[in-house]
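Colleague: protein-v4.txt is reproduced below (compact mmCIF, C-alpha atoms).
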# COMPACT_ATOMS: atom_id res chain seq x y z
CA MET A 1 1.81 -24.13 7.01
CA ASN A 2 -0.79 -22.31 9.10
CA LEU A 3 1.70 -19.49 9.71
CA ILE A 4 2.46 -19.05 5.99
CA SER A 5 -1.25 -19.09 5.21
CA GLY A 6 -1.78 -16.45 7.90
CA PHE A 7 0.86 -14.16 6.41
CA ILE A 8 -0.64 -14.56 2.94
CA LYS A 9 -4.11 -13.71 4.24
CA LEU A 10 -2.66 -10.78 6.18
CA LEU A 11 -1.41 -9.33 2.88
CA ARG A 12 -4.95 -9.38 1.43
CA PRO A 13 -3.95 -10.70 -2.00
CA LEU A 14 -7.01 -9.26 -3.76
CA ASN A 15 -6.07 -5.74 -2.64
CA ILE A 16 -2.53 -6.32 -3.87
CA ALA A 17 -3.80 -7.60 -7.22
CA VAL A 18 -5.93 -4.47 -7.66
CA ALA A 19 -3.02 -2.18 -6.74
CA THR A 20 -0.69 -4.03 -9.10
CA SER A 21 -3.30 -3.71 -11.84
CA ALA A 22 -3.36 0.05 -11.29
CA ILE A 23 0.39 0.20 -11.89
CA LEU A 24 0.17 -1.99 -14.98
CA VAL A 25 -2.68 0.11 -16.40
CA SER A 26 -0.63 3.23 -15.67
CA ALA A 27 2.36 1.72 -17.49
CA PHE A 28 0.07 0.99 -20.43
CA ILE A 29 -1.23 4.58 -20.45
CA LEU A 30 2.34 5.88 -20.28
CA GLY A 31 3.58 3.39 -22.90
CA VAL A 32 6.56 2.38 -20.77
CA TYR A 33 6.46 -1.42 -20.74
CA GLU A 34 9.99 -1.54 -22.19
CA GLN A 35 11.37 0.07 -19.01
CA ASP A 36 11.44 -3.23 -17.15
CA PHE A 37 13.56 -2.17 -14.18
CA ILE A 38 11.47 0.90 -13.32
CA LEU A 39 8.24 -1.02 -13.86
CA ALA A 40 9.41 -3.87 -11.63
CA CYS A 41 10.54 -1.47 -8.91
CA THR A 42 7.25 0.44 -9.07
CA VAL A 43 5.21 -2.76 -8.80
CA ILE A 44 7.34 -4.06 -5.92
CA VAL A 45 7.02 -0.81 -3.97
CA VAL A 46 3.24 -0.82 -4.38
CA ILE A 47 2.97 -4.50 -3.39
CA MET A 48 5.24 -4.08 -0.35
CA TYR A 49 3.53 -0.91 0.88
CA ASN A 50 0.06 -2.31 0.29
CA GLY A 51 0.88 -5.52 2.16
CA ALA A 52 2.61 -3.60 4.95
CA ALA A 53 -0.32 -1.21 5.34
CA ASN A 54 -2.73 -4.15 5.55
CA ALA A 55 -0.58 -5.95 8.13
CA PHE A 56 -0.08 -2.78 10.18
CA ASN A 57 -3.78 -1.97 10.02
CA ASP A 58 -4.66 -5.44 11.32
CA TYR A 59 -2.06 -5.05 14.06
CA CYS A 60 -3.58 -1.72 15.13
CA ASP A 61 -7.13 -3.09 14.97
CA TYR A 62 -6.49 -6.36 16.77
CA GLU A 63 -8.90 -5.75 19.67
CA ILE A 64 -11.65 -4.43 17.39
CA ASP A 65 -11.17 -7.26 14.89
CA LEU A 66 -11.62 -9.89 17.62
CA ILE A 67 -15.28 -8.83 17.59
CA ASN A 68 -15.90 -7.28 14.18
CA ARG A 69 -13.64 -9.41 11.96
CA PRO A 70 -13.06 -12.72 13.72
CA ASN A 71 -11.84 -14.39 10.50
CA ARG A 72 -8.77 -12.18 10.12
CA PRO A 73 -5.43 -13.99 10.66
CA LEU A 74 -4.66 -12.22 13.94
CA SER A 75 -8.16 -12.75 15.33
CA ARG A 76 -7.98 -16.45 14.48
CA GLY A 77 -4.57 -16.82 16.12
CA MET A 78 -2.82 -17.74 12.87
CA ILE A 79 -0.31 -14.94 13.50
CA THR A 80 0.60 -13.07 16.66
CA CYS A 81 0.54 -9.28 16.97
CA PRO A 82 4.35 -9.05 17.21
CA GLN A 83 4.65 -11.17 14.06
CA ALA A 84 2.19 -8.92 12.19
CA LEU A 85 4.03 -5.78 13.30
CA SER A 86 7.41 -7.24 12.33
CA PHE A 87 6.00 -8.30 8.97
CA ALA A 88 4.65 -4.78 8.34
CA VAL A 89 7.98 -3.18 9.26
CA ILE A 90 9.91 -5.58 7.00
CA LEU A 91 7.55 -4.95 4.06
CA PHE A 92 7.71 -1.17 4.55
CA LEU A 93 11.50 -1.40 4.72
CA ILE A 94 11.78 -3.50 1.54
CA GLY A 95 9.38 -1.17 -0.27
CA SER A 96 11.35 1.88 0.86
CA ILE A 97 14.70 0.41 -0.18
CA ILE A 98 13.28 -0.37 -3.63
CA ALA A 99 11.70 3.11 -3.82
CA PHE A 100 15.19 4.60 -3.53
CA GLN A 101 16.01 2.97 -6.86
CA LEU A 102 13.46 5.24 -8.54
CA PRO A 103 13.68 8.92 -9.54
CA PHE A 104 13.79 11.37 -6.64
CA TYR A 105 10.19 12.60 -6.79
CA ALA A 106 8.79 9.07 -6.97
CA THR A 107 10.85 8.18 -3.91
CA LEU A 108 9.60 11.30 -2.16
CA ILE A 109 5.97 10.36 -2.84
CA ALA A 110 6.49 6.80 -1.60
CA VAL A 111 8.74 7.26 1.41
CA GLY A 112 7.94 10.84 2.35
CA ILE A 113 4.19 10.98 1.79
CA ALA A 114 2.47 7.62 1.19
CA LEU A 115 4.25 5.62 3.90
CA PRO A 116 3.64 8.20 6.66
CA LEU A 117 0.00 8.59 5.58
CA MET A 118 -0.52 4.81 5.78
CA VAL A 119 0.94 4.66 9.28
CA ILE A 120 -0.92 7.75 10.53
CA TYR A 121 -4.17 6.44 9.07
CA SER A 122 -3.90 3.14 10.95
CA LEU A 123 -2.76 4.77 14.18
CA ARG A 124 -5.07 7.77 14.38
CA LEU A 125 -7.37 8.40 11.43
CA LYS A 126 -9.15 5.14 10.64
CA GLY A 127 -12.13 5.98 12.82
CA THR A 128 -12.17 9.67 11.94
CA PRO A 129 -15.05 10.44 9.59
CA LEU A 130 -14.19 12.41 6.47
CA LEU A 131 -10.51 12.96 7.33
CA GLY A 132 -9.83 9.20 7.33
CA ASN A 133 -11.67 8.86 4.02
CA ILE A 134 -9.69 11.75 2.53
CA VAL A 135 -6.40 10.12 3.55
CA VAL A 136 -7.38 6.78 1.99
CA ALA A 137 -8.49 8.56 -1.19
CA ALA A 138 -5.23 10.53 -1.26
CA ILE A 139 -3.15 7.36 -0.90
CA LEU A 140 -5.04 5.73 -3.78
CA GLY A 141 -4.63 8.81 -5.96
CA LEU A 142 -0.94 8.95 -5.09
CA THR A 143 -0.50 5.51 -6.62
CA PHE A 144 -0.99 7.04 -10.07
CA ILE A 145 1.13 10.09 -9.28
CA PHE A 146 3.88 7.78 -7.97
CA CYS A 147 3.80 5.77 -11.19
CA GLY A 148 3.92 8.90 -13.34
CA LEU A 149 6.87 10.25 -11.38
CA ALA A 150 8.67 6.90 -11.56
CA PHE A 151 8.59 7.20 -15.35
CA ASN A 152 9.16 10.98 -15.37
CA ASN A 153 5.79 11.61 -17.03
CA ILE A 154 3.22 12.76 -14.50
CA VAL A 155 0.80 14.61 -16.80
CA PRO A 156 -1.09 11.53 -18.13
CA MET A 157 -1.49 10.30 -14.54
CA ILE A 158 -3.25 13.39 -13.21
CA ILE A 159 -6.74 12.39 -14.40
CA PRO A 160 -6.49 8.78 -13.12
CA ALA A 161 -5.21 10.17 -9.80
CA ILE A 162 -8.13 12.59 -9.55
CA LEU A 163 -10.58 9.82 -10.46
CA ALA A 164 -9.08 7.46 -7.86
CA PHE A 165 -9.27 10.20 -5.25
CA GLY A 166 -12.79 11.31 -6.18
CA LEU A 167 -14.31 7.84 -6.55
CA THR A 168 -13.01 6.47 -3.26
CA PRO A 169 -15.80 6.18 -0.70
What do you get writing this file as structure tokens?

Modeller:
Amino acid sequence: MNLISGFIKLLRPLNIAVATSAILVSAFILGVYEQDFILACTVIVVIMYNGAANAFNDYCDYEIDLINRPNRPLSRGMITCPQALSFAVILFLIGSIIAFQLPFYATLIAVGIALPLMVIYSLRLKGTPLLGNIVVAAILGLTFIFCGLAFNNIVPMIIPAILAFGLTP
């Protein structure tokens, strides 16, 4: 049970809830709730990528988190580093497979831009002032662009994307 609890905490459920809310609000703005398959795929991709990014980030920050964030699942020994890395890879893989069910440009945003940015951020940019912040802001803004492209209607998502980018600290 401790292992399952560790994986759930590694996902950071509150972050996933916020990301899912962004997709649902986008679907409301676009008026596309009747497109169940696309909406479900879009939500699953965002959940998988968000969870994977969180797990991968914790994997990369293990040594730092032992001191700065001792309550994280890896720091507490609830999950091992290889388990966290495997979990991140599996989630990224599931998210990518689902992304390929979406229109081409949505897939391109997810697999070709967002996923690499999440990995590069955790590996190299997290501690880089300004550039790291810009990457995080871009990933958040891309959530809205991704949703717009999934439903082939990007125009209404431009302002939310700009707001997400501009309001990210």

Colleague: Nearest to Phe165 in chain A among A:Leu123, A:Leu140, A:Ile145, A:Ile67, with distances taken over all atoms listed in the file: which residue is it?

Modeller: A:Leu140

Colleague: From the set A:Leu10, A:Ile109, A:Ala27, A:Glu63, which residue has the shortest atom-to-atom contact distance to Leu91 in chain A, counting all atoms listed in the file?

Modeller: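 Ranking A:Leu10, A:Ile109, A:Ala27, A:Glu63 by distance to Leu91 in chain A, first place goes to A:Leu10.
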
Colleague: Which one is closest to Lys9 in chain A: A:Ser122, A:Asn54, A:Thr143, A:Thr168? Count all atoms listed in the file.

Modeller: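 Of A:Ser122, A:Asn54, A:Thr143, A:Thr168, the one nearest Lys9 in chain A is A:Asn54, counting all atoms listed in the file.
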
Colleague: Quick one: of A:Pro13, A:Gly95, A:Gly6, A:Pro169, who's nearest to Ile79 in chain A, counting only C-alpha atoms?

Modeller: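 For Ile79 in chain A, the nearest of the candidates is A:Gly6.
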
Colleague: Hey, can you check how far CA of Arg124 in chain A sits from CA of Ile98 in chain A?

Modeller: 27.0 Å

Colleague: Between A:Ala22, A:Ala150, A:Ile97, A:Ala55, which one has atoms that come closest to Gln83 in chain A, using only C-alpha atoms?

Modeller: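 The shortest atom-to-atom distance to Gln83 in chain A comes from A:Ala55.
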
Colleague: Which distance in Å separates CA of Phe146 in chain A and CA of Ala161 in chain A, to one decimal?

Modeller: 9.6 Å

Colleague: Suppose you want the space between CA of Ile94 in chain A and CA of Ala40 in chain A; what is it in Å?

Modeller: 13.4 Å

Colleague: Which residue, A:Cys81, A:Leu3, A:Ile139, A:Ile64, has the smallest gap to Tyr49 in chain A when you use all atoms listed in the file?

Modeller: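 That would be A:Ile139, the residue with the smallest distance to Tyr49 in chain A.
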
Colleague: Output as lines of an AutoDock Vina configuration file the centre and edge lengths (Å, one decimal) of the box along x, y and z of the file that holds every listed atom of range 98-105 of chain A after adding 3 Å on each side.

Modeller:
center_x = 13.1
center_y = 6.1
center_z = -6.5
size_x = 11.8
size_y = 19.0
size_z = 12.0

Colleague: Counting all atoms listed in the file, note down every residue that has an atom within 7 Å of the point (-5.1, -20.7, 9.8) (file coordinates), as a compact mmCIF listing (two decimals) with C-alpha atoms, in the frame of the given file.

Modeller:
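Contents of point.txt, freshly written:
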# COMPACT_ATOMS: atom_id res chain seq x y z
CA ASN A 2 -0.79 -22.31 9.10
CA LEU A 3 1.70 -19.49 9.71
CA SER A 5 -1.25 -19.09 5.21
CA GLY A 6 -1.78 -16.45 7.90
CA PRO A 73 -5.43 -13.99 10.66
CA ARG A 76 -7.98 -16.45 14.48
CA MET A 78 -2.82 -17.74 12.87

Colleague: What lies within 12 Å of Ala17 in chain A using only C-alpha atoms, ignoring chain neighbours under 4 positions off, as a PyMOL selection string?

Modeller: chain A and resi 11-13+21-24+43-44+46-48+50-51

Colleague: Would you pick out the contacts of Ile29 in chain A at 9 Å or less, using only C-alpha atoms, so that residues sharing its chain but fewer than 3 positions from it are not included, and give the list as a list in words?

Modeller: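 The filter keeps Leu24, Val25, Ser26, Val32, Pro156 and Met157 of chain A.
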
Colleague: I'd like the neighbourhood of Leu93 in chain A as a ChimeraX atom specification, where a residue qualifies if any of its atoms comes within 12 Å (using all atoms listed in the file), though same-chain residues fewer than 3 positions away should be ignored.

Modeller: /A:44-45,48-49,51-53,86-90,96-100,110-111,115

Colleague: Could I see range 21-40 of chain A restored to N, CA, C and O atoms, set down as an mmCIF file, in the frame of the given file?

Modeller:
data_model
loop_
_atom_site.group_PDB
_atom_site.id
_atom_site.type_symbol
_atom_site.label_atom_id
_atom_site.label_comp_id
_atom_site.auth_asym_id
_atom_site.auth_seq_id
_atom_site.Cartn_x
_atom_site.Cartn_y
_atom_site.Cartn_z
ATOM 1 N N SER A 21 -2.590 -4.024 -10.586
ATOM 2 C CA SER A 21 -3.300 -3.710 -11.840
ATOM 3 C C SER A 21 -3.272 -2.222 -12.131
ATOM 4 O O SER A 21 -3.127 -1.814 -13.284
ATOM 5 N N ALA A 22 -3.407 -1.404 -11.094
ATOM 6 C CA ALA A 22 -3.360 0.050 -11.290
ATOM 7 C C ALA A 22 -2.015 0.476 -11.856
ATOM 8 O O ALA A 22 -1.950 1.333 -12.755
ATOM 9 N N ILE A 23 -0.944 -0.128 -11.378
ATOM 10 C CA ILE A 23 0.390 0.200 -11.890
ATOM 11 C C ILE A 23 0.535 -0.269 -13.331
ATOM 12 O O ILE A 23 1.061 0.443 -14.190
ATOM 13 N N LEU A 24 0.060 -1.468 -13.618
ATOM 14 C CA LEU A 24 0.170 -1.990 -14.980
ATOM 15 C C LEU A 24 -0.659 -1.181 -15.972
ATOM 16 O O LEU A 24 -0.225 -0.924 -17.096
ATOM 17 N N VAL A 25 -1.847 -0.758 -15.545
ATOM 18 C CA VAL A 25 -2.680 0.110 -16.400
ATOM 19 C C VAL A 25 -1.970 1.453 -16.604
ATOM 20 O O VAL A 25 -1.948 1.989 -17.717
ATOM 21 N N SER A 26 -1.370 1.964 -15.550
ATOM 22 C CA SER A 26 -0.630 3.230 -15.670
ATOM 23 C C SER A 26 0.530 3.072 -16.647
ATOM 24 O O SER A 26 0.773 3.957 -17.473
ATOM 25 N N ALA A 27 1.250 1.967 -16.562
ATOM 26 C CA ALA A 27 2.360 1.720 -17.490
ATOM 27 C C ALA A 27 1.852 1.639 -18.920
ATOM 28 O O ALA A 27 2.508 2.122 -19.848
ATOM 29 N N PHE A 28 0.672 1.057 -19.100
ATOM 30 C CA PHE A 28 0.070 0.990 -20.430
ATOM 31 C C PHE A 28 -0.260 2.390 -20.934
ATOM 32 O O PHE A 28 0.053 2.745 -22.077
ATOM 33 N N ILE A 29 -0.882 3.200 -20.076
ATOM 34 C CA ILE A 29 -1.230 4.580 -20.450
ATOM 35 C C ILE A 29 0.040 5.356 -20.816
ATOM 36 O O ILE A 29 0.051 6.115 -21.789
ATOM 37 N N LEU A 30 1.084 5.153 -20.048
ATOM 38 C CA LEU A 30 2.340 5.880 -20.280
ATOM 39 C C LEU A 30 3.170 5.281 -21.416
ATOM 40 O O LEU A 30 4.104 5.913 -21.895
ATOM 41 N N GLY A 31 2.825 4.048 -21.834
ATOM 42 C CA GLY A 31 3.580 3.390 -22.900
ATOM 43 C C GLY A 31 5.008 3.072 -22.503
ATOM 44 O O GLY A 31 5.932 3.272 -23.284
ATOM 45 N N VAL A 32 5.199 2.567 -21.296
ATOM 46 C CA VAL A 32 6.560 2.380 -20.770
ATOM 47 C C VAL A 32 6.873 0.923 -20.426
ATOM 48 O O VAL A 32 7.750 0.666 -19.598
ATOM 49 N N TYR A 33 6.206 -0.017 -21.057
ATOM 50 C CA TYR A 33 6.460 -1.420 -20.740
ATOM 51 C C TYR A 33 7.899 -1.849 -21.013
ATOM 52 O O TYR A 33 8.377 -2.810 -20.428
ATOM 53 N N GLU A 34 8.613 -1.144 -21.881
ATOM 54 C CA GLU A 34 9.990 -1.540 -22.190
ATOM 55 C C GLU A 34 10.962 -1.154 -21.070
ATOM 56 O O GLU A 34 12.091 -1.623 -21.037
ATOM 57 N N GLN A 35 10.522 -0.339 -20.135
ATOM 58 C CA GLN A 35 11.370 0.070 -19.010
ATOM 59 C C GLN A 35 11.184 -0.914 -17.852
ATOM 60 O O GLN A 35 10.628 -0.588 -16.808
ATOM 61 N N ASP A 36 11.679 -2.122 -18.075
ATOM 62 C CA ASP A 36 11.440 -3.230 -17.150
ATOM 63 C C ASP A 36 11.866 -2.951 -15.717
ATOM 64 O O ASP A 36 11.148 -3.281 -14.779
ATOM 65 N N PHE A 37 13.047 -2.376 -15.534
ATOM 66 C CA PHE A 37 13.560 -2.170 -14.180
ATOM 67 C C PHE A 37 12.672 -1.212 -13.394
ATOM 68 O O PHE A 37 12.292 -1.505 -12.259
ATOM 69 N N ILE A 38 12.324 -0.085 -14.002
ATOM 70 C CA ILE A 38 11.470 0.900 -13.320
ATOM 71 C C ILE A 38 10.093 0.306 -13.062
ATOM 72 O O ILE A 38 9.539 0.466 -11.974
ATOM 73 N N LEU A 39 9.556 -0.398 -14.040
ATOM 74 C CA LEU A 39 8.240 -1.020 -13.860
ATOM 75 C C LEU A 39 8.274 -2.040 -12.727
ATOM 76 O O LEU A 39 7.381 -2.049 -11.862
ATOM 77 N N ALA A 40 9.298 -2.868 -12.698
ATOM 78 C CA ALA A 40 9.410 -3.870 -11.630
ATOM 79 C C ALA A 40 9.549 -3.206 -10.267
ATOM 80 O O ALA A 40 8.872 -3.615 -9.299
#
